[in-house]
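Content type PDB, C-alpha atoms, from the file structure14.pdb:
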ATOM      1  CA  MET L 180       4.213 -17.387   2.381
ATOM      2  CA  ARG L 181       3.681 -17.767   6.119
ATOM      3  CA  ILE L 182       3.284 -14.472   7.990
ATOM      4  CA  THR L 183       4.412 -14.591  11.612
ATOM      5  CA  ARG L 184       2.669 -12.716  14.371
ATOM      6  CA  SER L 185       5.540 -10.204  14.592
ATOM      7  CA  LYS L 186       5.413  -9.529  10.851
ATOM      8  CA  ALA L 187       1.654  -9.042  11.013
ATOM      9  CA  ILE L 188       2.074  -6.507  13.817
ATOM     10  CA  ALA L 189       4.727  -4.678  11.792
ATOM     11  CA  LEU L 190       2.412  -4.524   8.772
ATOM     12  CA  VAL L 191      -0.419  -3.090  10.866
ATOM     13  CA  LEU L 192       1.875  -0.509  12.438
ATOM     14  CA  GLY L 193       3.133   0.481   9.003
ATOM     15  CA  LEU L 194      -0.432   0.959   7.784
ATOM     16  CA  ILE L 195      -1.272   3.073  10.827
ATOM     17  CA  PHE L 196       1.764   5.279  10.144
ATOM     18  CA  THR L 197       0.810   5.717   6.497
ATOM     19  CA  MET L 198      -2.710   6.791   7.447
ATOM     20  CA  ASN L 199      -1.696   9.123  10.254
ATOM     21  CA  SER L 200       1.839  10.229   9.506
ATOM     22  CA  PRO L 201       1.063  13.953   8.837
ATOM     23  CA  ALA L 202       0.764  14.267  12.632
ATOM     24  CA  GLY L 203       3.945  12.225  13.254
ATOM     25  CA  ALA L 204       7.559  12.426  12.241
ATOM     26  CA  ALA L 205       8.683  11.636   8.722
ATOM     27  CA  PRO L 206      11.359   8.913   9.018
ATOM     28  CA  ALA L 207      14.936   9.890   8.285
ATOM     29  CA  ALA L 208      14.830   7.345   5.468
ATOM     30  CA  PHE L 209      12.436   9.555   3.521
ATOM     31  CA  PRO L 210      14.436  11.348   0.789
ATOM     32  CA  ALA L 211      15.312  14.941   1.591
ATOM     33  CA  THR L 212      15.401  15.954  -2.087
ATOM     34  CA  ILE L 213      12.713  15.065  -4.637
ATOM     35  CA  ARG L 214      13.578  15.291  -8.324
ATOM     36  CA  LEU L 215      10.929  16.795 -10.559
ATOM     37  CA  PRO L 216      10.737  16.550 -14.361
ATOM     38  CA  ASP L 217      13.311  18.552 -16.326
ATOM     39  CA  GLY L 218      11.907  21.928 -17.312
ATOM     40  CA  PHE L 219       8.957  21.520 -14.932
ATOM     41  CA  GLN L 220       9.296  25.055 -13.513
ATOM     42  CA  ALA L 221       7.905  24.054 -10.126
ATOM     43  CA  GLU L 222       6.030  26.622  -8.052
ATOM     44  CA  GLY L 223       3.189  25.356  -5.856
ATOM     45  CA  ILE L 224       3.066  22.456  -3.404
ATOM     46  CA  ALA L 225       0.393  20.707  -1.343
ATOM     47  CA  THR L 226       0.772  17.647   0.876
ATOM     48  CA  GLY L 227      -1.635  14.949   2.048
ATOM     49  CA  PRO L 228      -3.704  13.109   2.698
ATOM     50  CA  GLY L 229      -1.055  10.513   3.465
ATOM     51  CA  PRO L 230       2.627  10.717   2.450
ATOM     52  CA  PHE L 231       2.034  12.362  -0.924
ATOM     53  CA  ALA L 232       2.912  15.766  -2.337
ATOM     54  CA  TYR L 233       1.492  17.606  -5.340
ATOM     55  CA  PHE L 234       3.578  20.095  -7.325
ATOM     56  CA  GLY L 235       2.291  22.645  -9.848
ATOM     57  CA  SER L 236       4.139  23.701 -12.991
ATOM     58  CA  MET L 237       4.483  27.329 -14.032
ATOM     59  CA  ALA L 238       5.332  26.111 -17.536
ATOM     60  CA  ASP L 239       2.055  24.475 -18.554
ATOM     61  CA  GLY L 240      -0.071  23.886 -15.449
ATOM     62  CA  SER L 241       0.688  20.180 -15.113
ATOM     63  CA  VAL L 242       0.525  18.669 -11.630
ATOM     64  CA  TYR L 243       3.118  16.142 -10.486
ATOM     65  CA  ARG L 244       2.313  13.733  -7.644
ATOM     66  CA  ALA L 245       5.218  12.317  -5.604
ATOM     67  CA  ASP L 246       5.342   9.653  -2.908
ATOM     68  CA  LEU L 247       7.345  11.226  -0.085
ATOM     69  CA  ARG L 248       8.468   7.803   1.130
ATOM     70  CA  SER L 249      10.375   7.037  -2.056
ATOM     71  CA  GLY L 250      10.632  10.381  -3.841
ATOM     72  CA  ARG L 251       9.204   8.820  -6.983
ATOM     73  CA  GLY L 252       6.222  10.243  -8.820
ATOM     74  CA  GLU L 253       4.601  11.125 -12.111
ATOM     75  CA  VAL L 254       2.588  13.817 -13.851
ATOM     76  CA  PHE L 255      -0.907  12.698 -12.963
ATOM     77  CA  SER L 256      -2.766  15.707 -14.372
ATOM     78  CA  PRO L 257      -1.534  17.278 -17.654
ATOM     79  CA  GLY L 258      -1.853  21.055 -17.702
ATOM     80  CA  PRO L 259      -4.025  23.280 -19.887
ATOM     81  CA  GLY L 260      -1.057  25.354 -21.083
ATOM     82  CA  THR L 261      -1.385  28.025 -18.380
ATOM     83  CA  PRO L 262       0.338  27.955 -14.960
ATOM     84  CA  ALA L 263      -0.482  25.949 -11.853
ATOM     85  CA  LEU L 264       0.695  27.976  -8.848
ATOM     86  CA  GLY L 265      -0.694  27.743  -5.300
ATOM     87  CA  LEU L 266      -2.208  24.354  -4.390
ATOM     88  CA  LYS L 267      -4.266  22.964  -1.515
ATOM     89  CA  THR L 268      -5.945  19.591  -0.918
ATOM     90  CA  ASP L 269      -9.107  18.976   1.094
ATOM     91  CA  ARG L 270     -10.669  15.998   2.860
ATOM     92  CA  HIS L 271     -12.964  15.349  -0.107
ATOM     93  CA  GLY L 272     -10.069  14.257  -2.312
ATOM     94  CA  ARG L 273      -9.877  17.535  -4.245
ATOM     95  CA  LEU L 274      -6.926  19.693  -5.237
ATOM     96  CA  PHE L 275      -7.528  23.438  -5.620
ATOM     97  CA  VAL L 276      -5.203  25.110  -8.133
ATOM     98  CA  ALA L 277      -4.429  28.818  -8.665
ATOM     99  CA  GLY L 278      -4.060  29.493 -12.390
ATOM    100  CA  GLY L 279      -1.638  32.438 -12.469
ATOM    101  CA  THR L 280      -1.710  34.402 -15.734
ATOM    102  CA  GLY L 281      -4.521  32.155 -16.966
ATOM    103  CA  GLY L 282      -6.885  34.154 -14.732
ATOM    104  CA  ASP L 283      -8.590  30.982 -13.568
ATOM    105  CA  VAL L 284      -8.806  28.458 -10.754
ATOM    106  CA  ARG L 285      -9.269  24.716 -11.140
ATOM    107  CA  VAL L 286     -10.362  21.868  -8.911
ATOM    108  CA  LEU L 287      -8.850  18.442  -9.606
ATOM    109  CA  ASP L 288      -9.655  14.949  -8.360
ATOM    110  CA  THR L 289      -6.609  13.764  -6.384
ATOM    111  CA  ARG L 290      -7.290  10.142  -7.339
ATOM    112  CA  SER L 291      -7.690  10.434 -11.092
ATOM    113  CA  GLY L 292      -6.240  13.872 -11.882
ATOM    114  CA  ARG L 293      -9.326  14.835 -13.855
ATOM    115  CA  THR L 294     -10.712  18.365 -13.688
ATOM    116  CA  LEU L 295     -13.839  18.549 -11.538
ATOM    117  CA  ALA L 296     -14.471  22.257 -12.135
ATOM    118  CA  SER L 297     -12.818  25.294 -13.689
ATOM    119  CA  TYR L 298     -13.639  28.941 -12.989
ATOM    120  CA  ARG L 299     -12.671  32.005 -15.014
ATOM    121  CA  VAL L 300     -12.246  34.590 -12.252
ATOM    122  CA  THR L 301     -11.116  37.534 -14.399
ATOM    123  CA  THR L 302     -10.855  38.350 -18.094
ATOM    124  CA  GLY L 303      -8.093  40.967 -17.899
ATOM    125  CA  PRO L 304      -4.436  40.763 -16.854
ATOM    126  CA  ALA L 305      -4.073  38.597 -13.759
ATOM    127  CA  PHE L 306      -1.724  36.519 -11.633
ATOM    128  CA  VAL L 307      -3.913  34.228  -9.525
ATOM    129  CA  ASN L 308      -1.208  33.204  -7.111
ATOM    130  CA  ASP L 309      -2.077  31.298  -3.946
ATOM    131  CA  VAL L 310      -4.953  29.592  -2.145
ATOM    132  CA  ILE L 311      -6.082  28.735   1.384
ATOM    133  CA  LEU L 312      -9.032  26.577   2.416
ATOM    134  CA  THR L 313     -11.435  27.271   5.266
ATOM    135  CA  GLU L 314     -14.409  25.205   6.381
ATOM    136  CA  ASP L 315     -16.760  26.931   3.973
ATOM    137  CA  ALA L 316     -14.647  28.321   1.111
ATOM    138  CA  ALA L 317     -11.462  28.379  -0.939
ATOM    139  CA  TRP L 318      -9.775  31.796  -1.088
ATOM    140  CA  PHE L 319      -7.308  32.899  -3.786
ATOM    141  CA  THR L 320      -4.963  35.888  -4.073
ATOM    142  CA  ASP L 321      -4.199  37.819  -7.243
ATOM    143  CA  SER L 322      -0.811  39.559  -7.430
ATOM    144  CA  THR L 323      -2.014  41.870 -10.218
ATOM    145  CA  ASN L 324      -5.518  42.820  -9.073
ATOM    146  CA  PRO L 325      -6.427  43.966  -5.520
ATOM    147  CA  VAL L 326      -9.063  41.306  -4.923
ATOM    148  CA  LEU L 327      -9.588  37.930  -3.297
ATOM    149  CA  TYR L 328     -11.484  35.272  -5.220
ATOM    150  CA  LYS L 329     -13.768  33.142  -3.074
ATOM    151  CA  LEU L 330     -15.210  29.751  -3.972
ATOM    152  CA  PRO L 331     -18.044  29.158  -1.479
ATOM    153  CA  LEU L 332     -18.212  25.497  -0.433
ATOM    154  CA  HIS L 333     -21.656  24.895   0.995
ATOM    155  CA  ALA L 334     -21.594  21.484   2.685
ATOM    156  CA  GLY L 335     -18.471  20.824   0.617
ATOM    157  CA  ARG L 336     -20.243  21.278  -2.737
ATOM    158  CA  LEU L 337     -18.448  23.201  -5.470
ATOM    159  CA  PRO L 338     -20.193  26.431  -6.529
ATOM    160  CA  ASP L 339     -21.316  27.581  -9.959
ATOM    161  CA  ALA L 340     -19.080  30.669  -9.895
ATOM    162  CA  ALA L 341     -16.417  32.463  -7.874
ATOM    163  CA  VAL L 342     -17.054  35.648  -5.879
ATOM    164  CA  ARG L 343     -14.767  38.701  -6.213
ATOM    165  CA  ILE L 344     -13.962  40.465  -2.938
ATOM    166  CA  PRO L 345     -12.125  43.815  -3.393
ATOM    167  CA  LEU L 346      -9.221  44.518  -1.045
ATOM    168  CA  THR L 347      -9.452  47.833   0.795
ATOM    169  CA  GLY L 348      -7.571  49.535   3.586
ATOM    170  CA  ALA L 349      -3.841  49.374   4.297
ATOM    171  CA  LEU L 350      -2.800  47.055   1.461
ATOM    172  CA  THR L 351      -2.292  49.115  -1.693
ATOM    173  CA  TYR L 352      -0.990  47.703  -4.967
ATOM    174  CA  GLY L 353       2.089  48.973  -6.780
ATOM    175  CA  GLU L 354       4.493  47.809  -9.486
ATOM    176  CA  GLY L 355       5.557  44.166  -9.437
ATOM    177  CA  PHE L 356       4.068  41.279  -7.473
ATOM    178  CA  ASN L 357       1.659  42.354  -4.773
ATOM    179  CA  ALA L 358      -0.529  40.021  -2.673
ATOM    180  CA  ASN L 359       1.033  36.585  -2.823
ATOM    181  CA  GLY L 360       0.940  33.903  -0.108
ATOM    182  CA  ILE L 361      -2.151  33.509   2.048
ATOM    183  CA  THR L 362      -3.021  31.599   5.207
ATOM    184  CA  THR L 363      -5.450  31.993   8.094
ATOM    185  CA  THR L 364      -4.772  34.020  11.221
ATOM    186  CA  PRO L 365      -4.126  32.036  14.417
ATOM    187  CA  ASP L 366      -7.624  32.864  15.682
ATOM    188  CA  GLY L 367      -9.142  31.668  12.387
ATOM    189  CA  ARG L 368     -11.194  34.831  11.947
ATOM    190  CA  GLY L 369      -9.240  36.349   9.069
ATOM    191  CA  PHE L 370      -6.271  35.832   6.769
ATOM    192  CA  LEU L 371      -2.626  36.745   6.575
ATOM    193  CA  VAL L 372      -1.361  37.898   3.178
ATOM    194  CA  VAL L 373       2.211  38.835   2.285
ATOM    195  CA  GLN L 374       2.954  41.540  -0.294
ATOM    196  CA  SER L 375       6.052  40.444  -2.209
ATOM    197  CA  ASN L 376       7.179  43.804  -3.604
ATOM    198  CA  THR L 377       7.035  45.702  -0.295
ATOM    199  CA  GLY L 378       7.680  42.955   2.250
ATOM    200  CA  GLY L 379       4.553  43.906   4.168
ATOM    201  CA  LEU L 380       2.363  41.394   6.001
ATOM    202  CA  PHE L 381      -1.353  42.131   6.288
ATOM    203  CA  ARG L 382      -4.310  40.819   8.206
ATOM    204  CA  VAL L 383      -7.243  40.579   5.797
ATOM    205  CA  GLU L 384     -10.837  40.352   6.979
ATOM    206  CA  LYS L 385     -13.246  38.138   5.056
ATOM    207  CA  SER L 386     -14.905  41.372   3.907
ATOM    208  CA  GLY L 387     -11.656  42.367   2.157
ATOM    209  CA  VAL L 388     -10.616  45.089   4.627
ATOM    210  CA  THR L 389      -6.857  44.936   5.228
ATOM    211  CA  HIS L 390      -4.665  45.991   8.184
ATOM    212  CA  ARG L 391      -0.870  46.061   8.299
ATOM    213  CA  VAL L 392       0.659  43.531  10.716
ATOM    214  CA  ASP L 393       3.183  45.151  13.050
ATOM    215  CA  LEU L 394       6.471  43.288  12.436
ATOM    216  CA  HIS L 395       8.462  45.746  14.569
ATOM    217  CA  GLY L 396      10.615  47.006  11.729
ATOM    218  CA  GLU L 397      11.171  43.659   9.982
ATOM    219  CA  SER L 398      10.317  43.051   6.328
ATOM    220  CA  LEU L 399       9.257  39.943   4.393
ATOM    221  CA  LEU L 400      10.542  41.244   1.054
ATOM    222  CA  ASP L 401      10.069  38.677  -1.739
ATOM    223  CA  GLY L 402       7.541  36.951   0.512
ATOM    224  CA  ASP L 403       5.869  34.029  -1.220
ATOM    225  CA  GLY L 404       4.253  30.929   0.292
ATOM    226  CA  LEU L 405       2.958  31.057   3.875
ATOM    227  CA  LEU L 406       2.361  28.229   6.336
ATOM    228  CA  LEU L 407       0.804  28.617   9.793
ATOM    229  CA  ARG L 408       1.366  26.169  12.666
ATOM    230  CA  GLY L 409      -0.377  27.369  15.811
ATOM    231  CA  ARG L 410       0.886  30.927  16.271
ATOM    232  CA  THR L 411       4.074  30.383  14.263
ATOM    233  CA  LEU L 412       4.143  31.597  10.678
ATOM    234  CA  PHE L 413       6.668  30.271   8.167
ATOM    235  CA  ALA L 414       7.108  32.814   5.362
ATOM    236  CA  VAL L 415       9.163  31.848   2.304
ATOM    237  CA  GLN L 416      11.297  34.724   0.967
ATOM    238  CA  ASN L 417      11.999  33.288  -2.444
ATOM    239  CA  ARG L 418      14.904  35.287  -3.916
ATOM    240  CA  SER L 419      16.489  35.590  -0.475
ATOM    241  CA  ASN L 420      16.594  31.781  -0.225
ATOM    242  CA  THR L 421      15.274  31.922   3.329
ATOM    243  CA  VAL L 422      12.263  30.998   5.422
ATOM    244  CA  ALA L 423      11.322  33.609   8.027
ATOM    245  CA  VAL L 424       9.941  32.236  11.287
ATOM    246  CA  VAL L 425       7.423  34.715  12.701
ATOM    247  CA  ARG L 426       5.813  34.442  16.139
ATOM    248  CA  LEU L 427       2.334  36.012  16.033
ATOM    249  CA  ASN L 428      -0.275  37.100  18.518
ATOM    250  CA  ALA L 429      -3.625  35.295  18.370
ATOM    251  CA  ALA L 430      -5.302  37.893  16.159
ATOM    252  CA  GLY L 431      -2.416  38.030  13.698
ATOM    253  CA  THR L 432      -2.077  41.791  14.124
ATOM    254  CA  GLU L 433       1.467  41.717  15.531
ATOM    255  CA  GLY L 434       4.462  39.466  15.005
ATOM    256  CA  HIS L 435       8.173  39.087  15.714
ATOM    257  CA  VAL L 436      10.634  37.511  13.258
ATOM    258  CA  VAL L 437      12.442  35.170  15.657
ATOM    259  CA  ARG L 438      14.840  33.662  13.086
ATOM    260  CA  ARG L 439      15.477  33.012   9.426
ATOM    261  CA  VAL L 440      16.592  29.629   8.156
ATOM    262  CA  SER L 441      18.228  28.620   4.911
ATOM    263  CA  ASP L 442      19.763  25.581   3.266
ATOM    264  CA  PRO L 443      22.482  25.226   0.641
ATOM    265  CA  ARG L 444      19.994  23.344  -1.542
ATOM    266  CA  PHE L 445      17.601  26.299  -1.729
ATOM    267  CA  ASP L 446      17.389  27.682  -5.276
ATOM    268  CA  VAL L 447      14.668  30.332  -5.069
ATOM    269  CA  PRO L 448      12.075  28.282  -3.144
ATOM    270  CA  ALA L 449       8.561  29.527  -3.807
ATOM    271  CA  THR L 450       6.096  27.827  -1.496
ATOM    272  CA  VAL L 451       6.008  25.514   1.486
ATOM    273  CA  ALA L 452       3.995  22.605   2.882
ATOM    274  CA  GLU L 453       4.558  20.330   5.837
ATOM    275  CA  PHE L 454       4.583  16.593   6.337
ATOM    276  CA  GLY L 455       5.516  15.018   9.634
ATOM    277  CA  SER L 456       8.492  16.839  11.114
ATOM    278  CA  ARG L 457       9.591  18.429   7.837
ATOM    279  CA  LEU L 458       8.890  21.399   5.625
ATOM    280  CA  TYR L 459       8.930  20.726   1.874
ATOM    281  CA  LEU L 460       9.818  23.542  -0.518
ATOM    282  CA  PRO L 461       9.914  23.405  -4.340
ATOM    283  CA  ASN L 462      12.808  25.294  -5.899
ATOM    284  CA  ALA L 463      11.204  27.608  -8.452
ATOM    285  CA  ARG L 464      14.558  28.809  -9.885
ATOM    286  CA  PHE L 465      12.816  31.915 -11.251
ATOM    287  CA  ARG L 466      15.969  33.061 -13.037
ATOM    288  CA  PHE L 467      15.795  29.922 -15.211
ATOM    289  CA  THR L 468      12.677  30.168 -17.364
ATOM    290  CA  THR L 469      13.919  28.338 -20.455
ATOM    291  CA  PRO L 470      11.155  26.253 -22.061
ATOM    292  CA  PRO L 471      11.509  22.494 -21.490
ATOM    293  CA  THR L 472      14.033  21.094 -24.000
ATOM    294  CA  PRO L 473      16.651  18.313 -23.768
ATOM    295  CA  PRO L 474      18.082  18.072 -20.220
ATOM    296  CA  THR L 475      20.652  20.643 -19.141
ATOM    297  CA  PRO L 476      21.618  21.723 -15.602
ATOM    298  CA  ASP L 477      19.487  24.861 -15.954
ATOM    299  CA  LEU L 478      16.380  22.764 -16.587
ATOM    300  CA  ARG L 479      16.602  20.542 -13.517
ATOM    301  CA  TYR L 480      13.970  21.142 -10.859
ATOM    302  CA  ASP L 481      13.499  19.643  -7.430
ATOM    303  CA  ALA L 482      11.942  20.099  -4.004
ATOM    304  CA  VAL L 483      13.857  19.915  -0.736
ATOM    305  CA  ALA L 484      12.881  18.969   2.803
ATOM    306  CA  ILE L 485      14.191  20.599   5.969
ATOM    307  CA  PRO L 486      13.360  19.999   9.644
ATOM    308  CA  ILE L 487      10.541  22.226  10.867
ATOM    309  CA  PRO L 488      12.301  25.164  12.584
ATOM    310  CA  ALA L 489      11.426  25.915  16.176
ATOM    311  CA  GLY L 490       9.151  28.898  16.563
TER
END
Would you give me this structure, written as structure tokens?
Amino acid sequence: MRITRSKAIALVLGLIFTMNSPAGAAPAAFPATIRLPDGFQAEGIATGPGPFAYFGSMADGSVYRADLRSGRGEVFSPGPGTPALGLKTDRHGRLFVAGGTGGDVRVLDTRSGRTLASYRVTTGPAFVNDVILTEDAAWFTDSTNPVLYKLPLHAGRLPDAAVRIPLTGALTYGEGFNANGITTTPDGRGFLVVQSNTGGLFRVEKSGVTHRVDLHGESLLDGDGLLLRGRTLFAVQNRSNTVAVVRLNAAGTEGHVVRRVSDPRFDVPATVAEFGSRLYLPNARFRFTTPPTPPTPDLRYDAVAIPIPAG
């Protein structure tokens, strides 16, 4: 088939978009709802590199990979039988997975789905919930135990073991889900962690010392996944079916909730990731925890996309 000069240019431009689209705008033609397998019990999400999203299953720890251009995907990494919650990808083609009640973290190859490493971070009750990557480590929260788990990444190499960092200071644990979503502060020197059961937001030093963020009377009750863009924090409030938009100072010690956004398609969204001009949120549907059986409305899971709210 003869390819004209105009078609060749279009092909090149399409390739450039595919390689660089996380910094651009996702076309309106991209589906705004992505169907996930029945009974999947979606929780975590990570996007990139390229127009791909990864979803973790609370049911068995499987990871589903979807093409955001078409909405189609498949389970590319079967789970170990314990949850897959918070997810993050890195530039080395690795997916870091928080293992929930399994008390572990895993690192998967984003090309093959195989497990590159697995770490048992605690032997007692646990809920290893979310993860954030920095230049030299992966950091995980635990909603049951007041610690951060750190995987040091020297020159990108995976370590032999995780490091436990106790949380001290203002963040104290109580009944229910405690430390949940985690992201970096705008200045990159610490972390922001939301406490689901109290609605508090905390700045956490890399030493584990915590300080309450002044939200001027606002609460992030049921706070779950966090996403930082510049000095704007997007905080998912799962059972409230909202995303709080918080404007922070550079140190992440003070913030103002400037708006909350929702969508009729929200059904207890748990976490959030961005691609192009959209936020993608998996509907965890926490009130529906029936094991996967023949399809019924209660077993249908999906993720929805919304325009990134102004901050």
Quick one: which residues end up in the PyMOL selection byres ((chain L and resi 357-372) around 6) for this structure, as an mmCIF file with C-alpha atoms, in the coordinates of the input?
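Now in out-v5.cif:
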data_model
loop_
_atom_site.group_PDB
_atom_site.id
_atom_site.type_symbol
_atom_site.label_atom_id
_atom_site.label_comp_id
_atom_site.auth_asym_id
_atom_site.auth_seq_id
_atom_site.Cartn_x
_atom_site.Cartn_y
_atom_site.Cartn_z
ATOM 1 C CA ASN L 308 -1.208 33.204 -7.111
ATOM 2 C CA ASP L 309 -2.077 31.298 -3.946
ATOM 3 C CA ILE L 311 -6.082 28.735 1.384
ATOM 4 C CA SER L 322 -0.811 39.559 -7.430
ATOM 5 C CA TYR L 352 -0.990 47.703 -4.967
ATOM 6 C CA PHE L 356 4.068 41.279 -7.473
ATOM 7 C CA VAL L 373 2.211 38.835 2.285
ATOM 8 C CA GLN L 374 2.954 41.540 -0.294
ATOM 9 C CA SER L 375 6.052 40.444 -2.209
ATOM 10 C CA ASN L 376 7.179 43.804 -3.604
ATOM 11 C CA LEU L 380 2.363 41.394 6.001
ATOM 12 C CA PHE L 381 -1.353 42.131 6.288
ATOM 13 C CA ARG L 382 -4.310 40.819 8.206
ATOM 14 C CA VAL L 383 -7.243 40.579 5.797
ATOM 15 C CA GLU L 384 -10.837 40.352 6.979
ATOM 16 C CA LYS L 385 -13.246 38.138 5.056
ATOM 17 C CA ASP L 403 5.869 34.029 -1.220
ATOM 18 C CA GLY L 404 4.253 30.929 0.292
ATOM 19 C CA LEU L 405 2.958 31.057 3.875
ATOM 20 C CA ARG L 410 0.886 30.927 16.271
ATOM 21 C CA ALA L 429 -3.625 35.295 18.370
ATOM 22 C CA ALA L 430 -5.302 37.893 16.159
ATOM 23 C CA GLY L 431 -2.416 38.030 13.698
#
Q: Rank nothing, just name the residue among L:Thr320, L:Ser441, L:Ser241, L:Thr313 nearest to Asn420 of chain L, using all atoms listed in the file.
A: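 Result for the nearest residue to Asn420 of chain L: L:Ser441.
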Q. Contacts of segment 215-227 of chain L at 8 Å or less, counting only C-alpha atoms, minus same-chain residues fewer than 6 places along, as a ChimeraX atom specification?
A. /L:201,233-238,243,263-268,448-454,460-464,468-472,474,478-482
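Atom CA of Ala423 of chain L lies 17.4 Å from atom CA of Arg391 of chain L.
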Q.
Could you check the closest approach to Asn324 of chain L for each of L:Gly282, L:Pro338, L:Gly292, L:Gly378 and tell me which residue wins, using only C-alpha atoms?
A. L:Gly282
Expansion of the PyMOL selection byres ((chain L and resi 244) around 7) into residues, as a CSV table (one decimal) with C-alpha atoms, in the frame of the given file:
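File written: expr19.csv
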chain,number,residue,atom,x,y,z
L,231,PHE,CA,2.0,12.4,-0.9
L,232,ALA,CA,2.9,15.8,-2.3
L,233,TYR,CA,1.5,17.6,-5.3
L,234,PHE,CA,3.6,20.1,-7.3
L,242,VAL,CA,0.5,18.7,-11.6
L,243,TYR,CA,3.1,16.1,-10.5
L,245,ALA,CA,5.2,12.3,-5.6
L,246,ASP,CA,5.3,9.7,-2.9
L,252,GLY,CA,6.2,10.2,-8.8
L,253,GLU,CA,4.6,11.1,-12.1
L,254,VAL,CA,2.6,13.8,-13.9
L,255,PHE,CA,-0.9,12.7,-13.0
Q) How would you write as a list in words the residues that get within 12 Å of (-18.5, 24.3, -2.7) in the file's frame, counting all atoms listed in the file? A) Asp269, His271, Arg273, Phe275, Val286, Leu295, Ala296, Leu312, Thr313, Glu314, Asp315, Ala316, Ala317, Trp318, Lys329, Leu330, Pro331, Leu332, His333, Ala334, Gly335, Arg336, Leu337, Pro338, Asp339, Ala340, Ala341 and Val342 of chain L
Mind dumping the selected residues with C-alpha atoms as a compact mmCIF listing (two decimals), in the frame of the given file?
# COMPACT_ATOMS: atom_id res chain seq x y z
CA ASP L 269 -9.11 18.98 1.09
CA HIS L 271 -12.96 15.35 -0.11
CA ARG L 273 -9.88 17.54 -4.24
CA PHE L 275 -7.53 23.44 -5.62
CA VAL L 286 -10.36 21.87 -8.91
CA LEU L 295 -13.84 18.55 -11.54
CA ALA L 296 -14.47 22.26 -12.14
CA LEU L 312 -9.03 26.58 2.42
CA THR L 313 -11.44 27.27 5.27
CA GLU L 314 -14.41 25.20 6.38
CA ASP L 315 -16.76 26.93 3.97
CA ALA L 316 -14.65 28.32 1.11
CA ALA L 317 -11.46 28.38 -0.94
CA TRP L 318 -9.78 31.80 -1.09
CA LYS L 329 -13.77 33.14 -3.07
CA LEU L 330 -15.21 29.75 -3.97
CA PRO L 331 -18.04 29.16 -1.48
CA LEU L 332 -18.21 25.50 -0.43
CA HIS L 333 -21.66 24.90 1.00
CA ALA L 334 -21.59 21.48 2.68
CA GLY L 335 -18.47 20.82 0.62
CA ARG L 336 -20.24 21.28 -2.74
CA LEU L 337 -18.45 23.20 -5.47
CA PRO L 338 -20.19 26.43 -6.53
CA ASP L 339 -21.32 27.58 -9.96
CA ALA L 340 -19.08 30.67 -9.90
CA ALA L 341 -16.42 32.46 -7.87
CA VAL L 342 -17.05 35.65 -5.88
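Under the PyMOL selection byres ((chain L and resi 425) around 9), the matching residues in the shown file are Leu394, Arg410, Thr411, Leu412, Phe413, Ala414, Ala423, Val424, Arg426, Leu427, Gly434, His435, Val436, Val437, Arg438, Arg439 and Gly490 of chain L.
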